[in-house]
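**Q** The structure's right below; bear with me while I get my questions together.
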There are 2 protein chains.
Amino acid sequence: MSALEYTPYVADCPSRQLLDRIGDRWSVLTIGSLVDGPQRYSTIANRVEGVSQKMLTQTLRALERDGLVTRTVFPEIPPHVEYELTDRGRSLRNVLEPLERWATEHMDDVAESRAEYDAR
Amino acid sequence: MSALEYTPYVADCPSRQLLDRIGDRWSVLTIGSLVDGPQRYSTIANRVEGVSQKMLTQTLRALERDGLVTRTVFPEIPPHVEYELTDRGRSLRNVLEPLERWATEHMDDVAESRAEYDAR
DNA sequence: CGGAATCCCGTCGGATACTG
DNA sequence: CAGTATCCGACGGGATTCCG
């Protein structure tokens with residue numbers, strides 16, 4: 001019932017900050033790159049084109065802190081680190097995937113609307 | 001078929017910019033404030049607590065440009081402007097609502113994870 | 001009432017260099 | 001390989017002022 005008291009429309013409600021985090025550019029793509037199982041840091045970096053290592057590390061740390069991904073270090077040389085979605089992370093992915101799909105499916109229509117808007 | 005060629009994981013793909021826009025903090029809340037029909041500017045401003053008038057206007061313009069909301073000016077004094085979701089806007093809302101709900105429903109769990117993470 | 005325009009500061013985030 | 005640390009420029013976004 002406590003969840004019903006949260007609403008992101010209120011400025012200082014914690015759910016607004018959470019919404020910011022999970023709607024974040026790199027968070028969405030990072031989580032998406034983990035859908036098909038655990039991945040190494042370098043693999044994620046390759047999948048999420050254009051992300052700097054600073055932002056990727058920062059994003060992964062935040063996701064780990066929020067209990068959305070786990071970080072596993074294999075004591076090897078050279079280092080080997082794997083990131084994996086938790087159950088909670090997967091449940092979030094389930095609502096992010098439609099968003100990602102919406103973006104790709106409506107890209108053409110949006111581009112058309114933009115052209116019309118800019119023309120007038 | 002063209003939609004299949006878009007993927008936000010590629011740096012310069014237009015869908016990435018679109019994903020940024022629609023995942024944006026103010027965009028999500030602004031769209032959400034329009035679910036129950038057309039609203040005046042001031043009403044939206046009140047519902048989305050903490051939004052500055054600059055950001056609200058900017059957000060509404062972007063949403064209008066992308067064909068997600070319509071802007072209707074009533075020639076009255078004082079001015080009267082109403083914003084309303086388009087069909088496309090409503091389809092987007094349908095995928096944003098689960099995201100918003102996820103944030104409120106998992107807020108407690110996430111807060112707990114954060115506390116644990118920070119403690120160690 | 002619903003903006004537009006300007007100023008200005010904070011932080012986001014990229015580039016670079018270094019390390020276990 | 002998987003980071004950390006530092007520097008620093010760009011710009012997001014708030015506060016303020018003015019307008020039709």
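Lettering and numbering for the structure tokens are positional, with chains as A, B, ... in the shown order, residues counted from 1 in each chain, and ligands counted from 1 in the shown order.
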Quick one: which residues from chain D are at most 12 Å off chain A, using only C-alpha atoms (C1' of nucleotides), as a CSV table (one decimal) with N, CA, C and O atoms (P, O5', C5', C4', C3', O3' and C1' of nucleotides), in the first residue's frame?

**A**
```
chain,number,residue,atom,x,y,z
D,1,DC,P,41.2,-6.8,-24.1
D,1,DC,O5',40.8,-6.9,-22.6
D,1,DC,C5',40.4,-8.1,-22.1
D,1,DC,C4',39.9,-7.9,-20.7
D,1,DC,C3',38.7,-7.0,-20.6
D,1,DC,O3',37.8,-7.5,-19.6
D,1,DC,C1',40.6,-6.1,-19.3
D,2,DA,P,36.3,-7.0,-19.5
D,2,DA,O5',36.5,-5.9,-18.3
D,2,DA,C5',36.9,-6.4,-17.0
D,2,DA,C4',37.2,-5.3,-16.1
D,2,DA,C3',36.1,-4.2,-16.0
D,2,DA,O3',35.9,-3.8,-14.7
D,2,DA,C1',38.2,-3.2,-16.4
D,3,DG,P,34.5,-3.0,-14.3
D,3,DG,O5',34.7,-1.6,-15.0
D,3,DG,C5',34.9,-0.5,-14.1
D,3,DG,C4',36.3,-0.4,-13.6
D,3,DG,C3',36.7,0.9,-12.9
D,3,DG,O3',36.4,0.8,-11.6
D,3,DG,C1',38.5,0.1,-14.4
D,4,DT,P,35.8,2.1,-10.8
D,4,DT,O5',37.1,3.0,-10.6
D,4,DT,C5',38.2,2.6,-9.8
D,4,DT,C4',39.3,3.6,-9.8
D,4,DT,C3',38.8,5.0,-9.4
D,4,DT,O3',39.7,5.6,-8.4
D,4,DT,C1',39.8,5.1,-11.5
D,5,DA,P,39.3,6.9,-7.7
D,5,DA,O5',40.1,8.0,-8.6
D,5,DA,C5',41.4,7.8,-8.9
D,5,DA,C4',42.0,9.1,-9.6
D,5,DA,C3',41.4,10.4,-9.1
D,5,DA,O3',42.3,11.4,-9.0
D,5,DA,C1',41.1,10.1,-11.5
```

**Q** List the neighbours of range 3-13 of chain C out to 9 Å using only C-alpha atoms (C1' of nucleotides); skip same-chain residues closer than 2 positions along the sequence, and give me the result as a ChimeraX atom specification.

**A** /A:52,54-55 /B:53,57 /C:1 /D:11-12,15-19

**Q** At a cut-off of 10 Å, using only C-alpha atoms (C1' of nucleotides), what residues contact Val110 in chain A? Leave out same-chain residues fewer than 6 positions from it and give the result as a list in words.

**A**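 The contact residues come out as Ala103 and Glu116 of chain A; Ser15, Leu18, Leu63, Arg65, Asp66, Gly67, Leu68 and Arg88 of chain B.
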
**Q** Rotate and translate chain A onto chain B via least squares on all in-order Cα pairs, then write the result as a PDB file with C-alpha atoms, in the first residue's frame.

**A**
```pdb
ATOM      1  CA  MET A   1      10.141  -2.752 -42.970  1.00  0.00           C
ATOM      2  CA  SER A   2      12.109   0.424 -42.696  1.00  0.00           C
ATOM      3  CA  ALA A   3      11.397   0.450 -38.987  1.00  0.00           C
ATOM      4  CA  LEU A   4      13.421  -2.701 -38.634  1.00  0.00           C
ATOM      5  CA  GLU A   5      16.492  -0.812 -39.730  1.00  0.00           C
ATOM      6  CA  TYR A   6      16.348   1.511 -36.760  1.00  0.00           C
ATOM      7  CA  THR A   7      18.091   0.573 -33.554  1.00  0.00           C
ATOM      8  CA  PRO A   8      18.976   2.891 -30.677  1.00  0.00           C
ATOM      9  CA  TYR A   9      22.104   0.880 -29.986  1.00  0.00           C
ATOM     10  CA  VAL A  10      23.774   2.502 -32.963  1.00  0.00           C
ATOM     11  CA  ALA A  11      25.168   5.888 -32.041  1.00  0.00           C
ATOM     12  CA  ASP A  12      23.886   7.977 -34.916  1.00  0.00           C
ATOM     13  CA  CYS A  13      20.580   6.209 -35.427  1.00  0.00           C
ATOM     14  CA  PRO A  14      17.693   8.679 -35.243  1.00  0.00           C
ATOM     15  CA  SER A  15      15.815   6.314 -32.958  1.00  0.00           C
ATOM     16  CA  ARG A  16      18.346   6.990 -30.240  1.00  0.00           C
ATOM     17  CA  GLN A  17      17.523  10.698 -30.241  1.00  0.00           C
ATOM     18  CA  LEU A  18      13.855   9.833 -30.255  1.00  0.00           C
ATOM     19  CA  LEU A  19      14.384   7.515 -27.309  1.00  0.00           C
ATOM     20  CA  ASP A  20      16.135  10.333 -25.485  1.00  0.00           C
ATOM     21  CA  ARG A  21      13.216  12.650 -26.087  1.00  0.00           C
ATOM     22  CA  ILE A  22      10.440  10.328 -25.038  1.00  0.00           C
ATOM     23  CA  GLY A  23      12.345   8.996 -22.049  1.00  0.00           C
ATOM     24  CA  ASP A  24      12.983  12.528 -20.925  1.00  0.00           C
ATOM     25  CA  ARG A  25      11.941  13.470 -17.417  1.00  0.00           C
ATOM     26  CA  TRP A  26       9.529  16.242 -18.335  1.00  0.00           C
ATOM     27  CA  SER A  27       8.214  14.521 -21.462  1.00  0.00           C
ATOM     28  CA  VAL A  28       7.049  11.500 -19.506  1.00  0.00           C
ATOM     29  CA  LEU A  29       5.269  13.582 -16.886  1.00  0.00           C
ATOM     30  CA  THR A  30       3.844  16.075 -19.362  1.00  0.00           C
ATOM     31  CA  ILE A  31       2.346  13.311 -21.475  1.00  0.00           C
ATOM     32  CA  GLY A  32       1.045  11.661 -18.346  1.00  0.00           C
ATOM     33  CA  SER A  33      -0.714  14.833 -17.283  1.00  0.00           C
ATOM     34  CA  LEU A  34      -2.730  14.758 -20.493  1.00  0.00           C
ATOM     35  CA  VAL A  35      -4.221  11.285 -20.158  1.00  0.00           C
ATOM     36  CA  ASP A  36      -7.626  12.447 -19.023  1.00  0.00           C
ATOM     37  CA  GLY A  37      -8.253  14.788 -21.907  1.00  0.00           C
ATOM     38  CA  PRO A  38      -7.143  18.226 -23.121  1.00  0.00           C
ATOM     39  CA  GLN A  39      -5.599  20.514 -20.545  1.00  0.00           C
ATOM     40  CA  ARG A  40      -4.675  24.138 -20.274  1.00  0.00           C
ATOM     41  CA  TYR A  41      -1.087  25.197 -19.960  1.00  0.00           C
ATOM     42  CA  SER A  42      -1.549  26.269 -16.347  1.00  0.00           C
ATOM     43  CA  THR A  43      -3.185  22.979 -15.439  1.00  0.00           C
ATOM     44  CA  ILE A  44      -0.272  20.998 -16.806  1.00  0.00           C
ATOM     45  CA  ALA A  45       2.119  23.269 -14.958  1.00  0.00           C
ATOM     46  CA  ASN A  46       0.290  22.534 -11.723  1.00  0.00           C
ATOM     47  CA  ARG A  47       0.168  18.803 -12.284  1.00  0.00           C
ATOM     48  CA  VAL A  48       3.829  18.455 -13.113  1.00  0.00           C
ATOM     49  CA  GLU A  49       5.176  19.832  -9.872  1.00  0.00           C
ATOM     50  CA  GLY A  50       8.478  21.622 -10.075  1.00  0.00           C
ATOM     51  CA  VAL A  51       8.629  22.130 -13.822  1.00  0.00           C
ATOM     52  CA  SER A  52       9.722  25.612 -14.816  1.00  0.00           C
ATOM     53  CA  GLN A  53       7.695  27.411 -17.440  1.00  0.00           C
ATOM     54  CA  LYS A  54      10.697  27.427 -19.699  1.00  0.00           C
ATOM     55  CA  MET A  55      11.036  23.661 -19.625  1.00  0.00           C
ATOM     56  CA  LEU A  56       7.311  23.053 -19.888  1.00  0.00           C
ATOM     57  CA  THR A  57       6.988  25.253 -22.956  1.00  0.00           C
ATOM     58  CA  GLN A  58      10.077  23.701 -24.477  1.00  0.00           C
ATOM     59  CA  THR A  59       8.786  20.203 -23.791  1.00  0.00           C
ATOM     60  CA  LEU A  60       5.332  20.939 -25.176  1.00  0.00           C
ATOM     61  CA  ARG A  61       6.843  22.423 -28.339  1.00  0.00           C
ATOM     62  CA  ALA A  62       8.967  19.330 -28.869  1.00  0.00           C
ATOM     63  CA  LEU A  63       5.996  17.046 -28.303  1.00  0.00           C
ATOM     64  CA  GLU A  64       3.955  19.096 -30.738  1.00  0.00           C
ATOM     65  CA  ARG A  65       6.711  18.957 -33.309  1.00  0.00           C
ATOM     66  CA  ASP A  66       6.862  15.182 -32.998  1.00  0.00           C
ATOM     67  CA  GLY A  67       3.125  14.932 -33.531  1.00  0.00           C
ATOM     68  CA  LEU A  68       2.453  13.710 -30.007  1.00  0.00           C
ATOM     69  CA  VAL A  69       0.294  16.589 -28.819  1.00  0.00           C
ATOM     70  CA  THR A  70      -1.832  19.239 -30.485  1.00  0.00           C
ATOM     71  CA  ARG A  71      -1.855  22.863 -29.440  1.00  0.00           C
ATOM     72  CA  THR A  72      -5.112  24.769 -29.731  1.00  0.00           C
ATOM     73  CA  VAL A  73      -5.307  28.508 -29.171  1.00  0.00           C
ATOM     74  CA  PHE A  74      -8.670  30.016 -28.301  1.00  0.00           C
ATOM     75  CA  PRO A  75      -8.800  33.638 -29.463  1.00  0.00           C
ATOM     76  CA  GLU A  76      -9.846  35.080 -26.142  1.00  0.00           C
ATOM     77  CA  ILE A  77      -8.605  37.575 -23.669  1.00  0.00           C
ATOM     78  CA  PRO A  78      -7.039  36.482 -21.487  1.00  0.00           C
ATOM     79  CA  PRO A  79      -5.422  33.826 -23.726  1.00  0.00           C
ATOM     80  CA  HIS A  80      -6.606  30.255 -23.500  1.00  0.00           C
ATOM     81  CA  VAL A  81      -4.466  27.421 -24.853  1.00  0.00           C
ATOM     82  CA  GLU A  82      -5.209  23.735 -24.691  1.00  0.00           C
ATOM     83  CA  TYR A  83      -2.937  20.797 -25.263  1.00  0.00           C
ATOM     84  CA  GLU A  84      -4.196  17.360 -26.163  1.00  0.00           C
ATOM     85  CA  LEU A  85      -2.616  14.008 -26.889  1.00  0.00           C
ATOM     86  CA  THR A  86      -2.789  12.814 -30.474  1.00  0.00           C
ATOM     87  CA  ASP A  87      -3.385   9.162 -31.302  1.00  0.00           C
ATOM     88  CA  ARG A  88       0.345   8.751 -31.574  1.00  0.00           C
ATOM     89  CA  GLY A  89       0.794  10.455 -28.243  1.00  0.00           C
ATOM     90  CA  ARG A  90      -1.697   8.120 -26.651  1.00  0.00           C
ATOM     91  CA  SER A  91       0.082   5.100 -28.072  1.00  0.00           C
ATOM     92  CA  LEU A  92       3.268   6.396 -26.494  1.00  0.00           C
ATOM     93  CA  ARG A  93       1.472   6.986 -23.239  1.00  0.00           C
ATOM     94  CA  ASN A  94       0.458   3.336 -23.289  1.00  0.00           C
ATOM     95  CA  VAL A  95       4.082   2.274 -23.062  1.00  0.00           C
ATOM     96  CA  LEU A  96       5.072   5.030 -20.638  1.00  0.00           C
ATOM     97  CA  GLU A  97       2.373   4.249 -18.133  1.00  0.00           C
ATOM     98  CA  PRO A  98       3.863   0.842 -17.219  1.00  0.00           C
ATOM     99  CA  LEU A  99       7.204   2.567 -16.748  1.00  0.00           C
ATOM    100  CA  GLU A 100       5.678   5.115 -14.414  1.00  0.00           C
ATOM    101  CA  ARG A 101       3.900   2.391 -12.530  1.00  0.00           C
ATOM    102  CA  TRP A 102       7.058   0.313 -12.279  1.00  0.00           C
ATOM    103  CA  ALA A 103       8.823   3.234 -10.645  1.00  0.00           C
ATOM    104  CA  THR A 104       6.200   3.700  -7.955  1.00  0.00           C
ATOM    105  CA  GLU A 105       5.711  -0.017  -7.333  1.00  0.00           C
ATOM    106  CA  HIS A 106       9.411  -0.781  -6.939  1.00  0.00           C
ATOM    107  CA  MET A 107      10.396   2.340  -5.087  1.00  0.00           C
ATOM    108  CA  ASP A 108      10.545   0.616  -1.710  1.00  0.00           C
ATOM    109  CA  ASP A 109      12.618  -2.314  -2.955  1.00  0.00           C
ATOM    110  CA  VAL A 110      15.041  -0.010  -4.714  1.00  0.00           C
ATOM    111  CA  ALA A 111      15.403   2.157  -1.640  1.00  0.00           C
ATOM    112  CA  GLU A 112      16.230  -0.950   0.356  1.00  0.00           C
ATOM    113  CA  SER A 113      18.831  -2.075  -2.156  1.00  0.00           C
ATOM    114  CA  ARG A 114      20.423   1.344  -2.061  1.00  0.00           C
ATOM    115  CA  ALA A 115      20.644   1.289   1.707  1.00  0.00           C
ATOM    116  CA  GLU A 116      22.340  -2.119   1.597  1.00  0.00           C
ATOM    117  CA  TYR A 117      24.734  -1.030  -1.111  1.00  0.00           C
ATOM    118  CA  ASP A 118      25.721   2.124   0.719  1.00  0.00           C
ATOM    119  CA  ALA A 119      26.166   0.270   3.997  1.00  0.00           C
ATOM    120  CA  ARG A 120      28.920  -2.005   2.716  1.00  0.00           C
TER     121      ARG A 120
END
```

**Q** Among the residues of chain B, find those DSSP assigns to helix (DSSP H, G or I) from the backbone and print them as number ranges by chain.

**A** B: 2-5, 14-23, 25-32, 41-47, 53-65, 87-105, 107-119

**Q** Check chain B with DSSP on the backbone and list each residue it calls strand (DSSP E), as a ChimeraX atom specification.

**A** /B:39-40,69-74,80-85
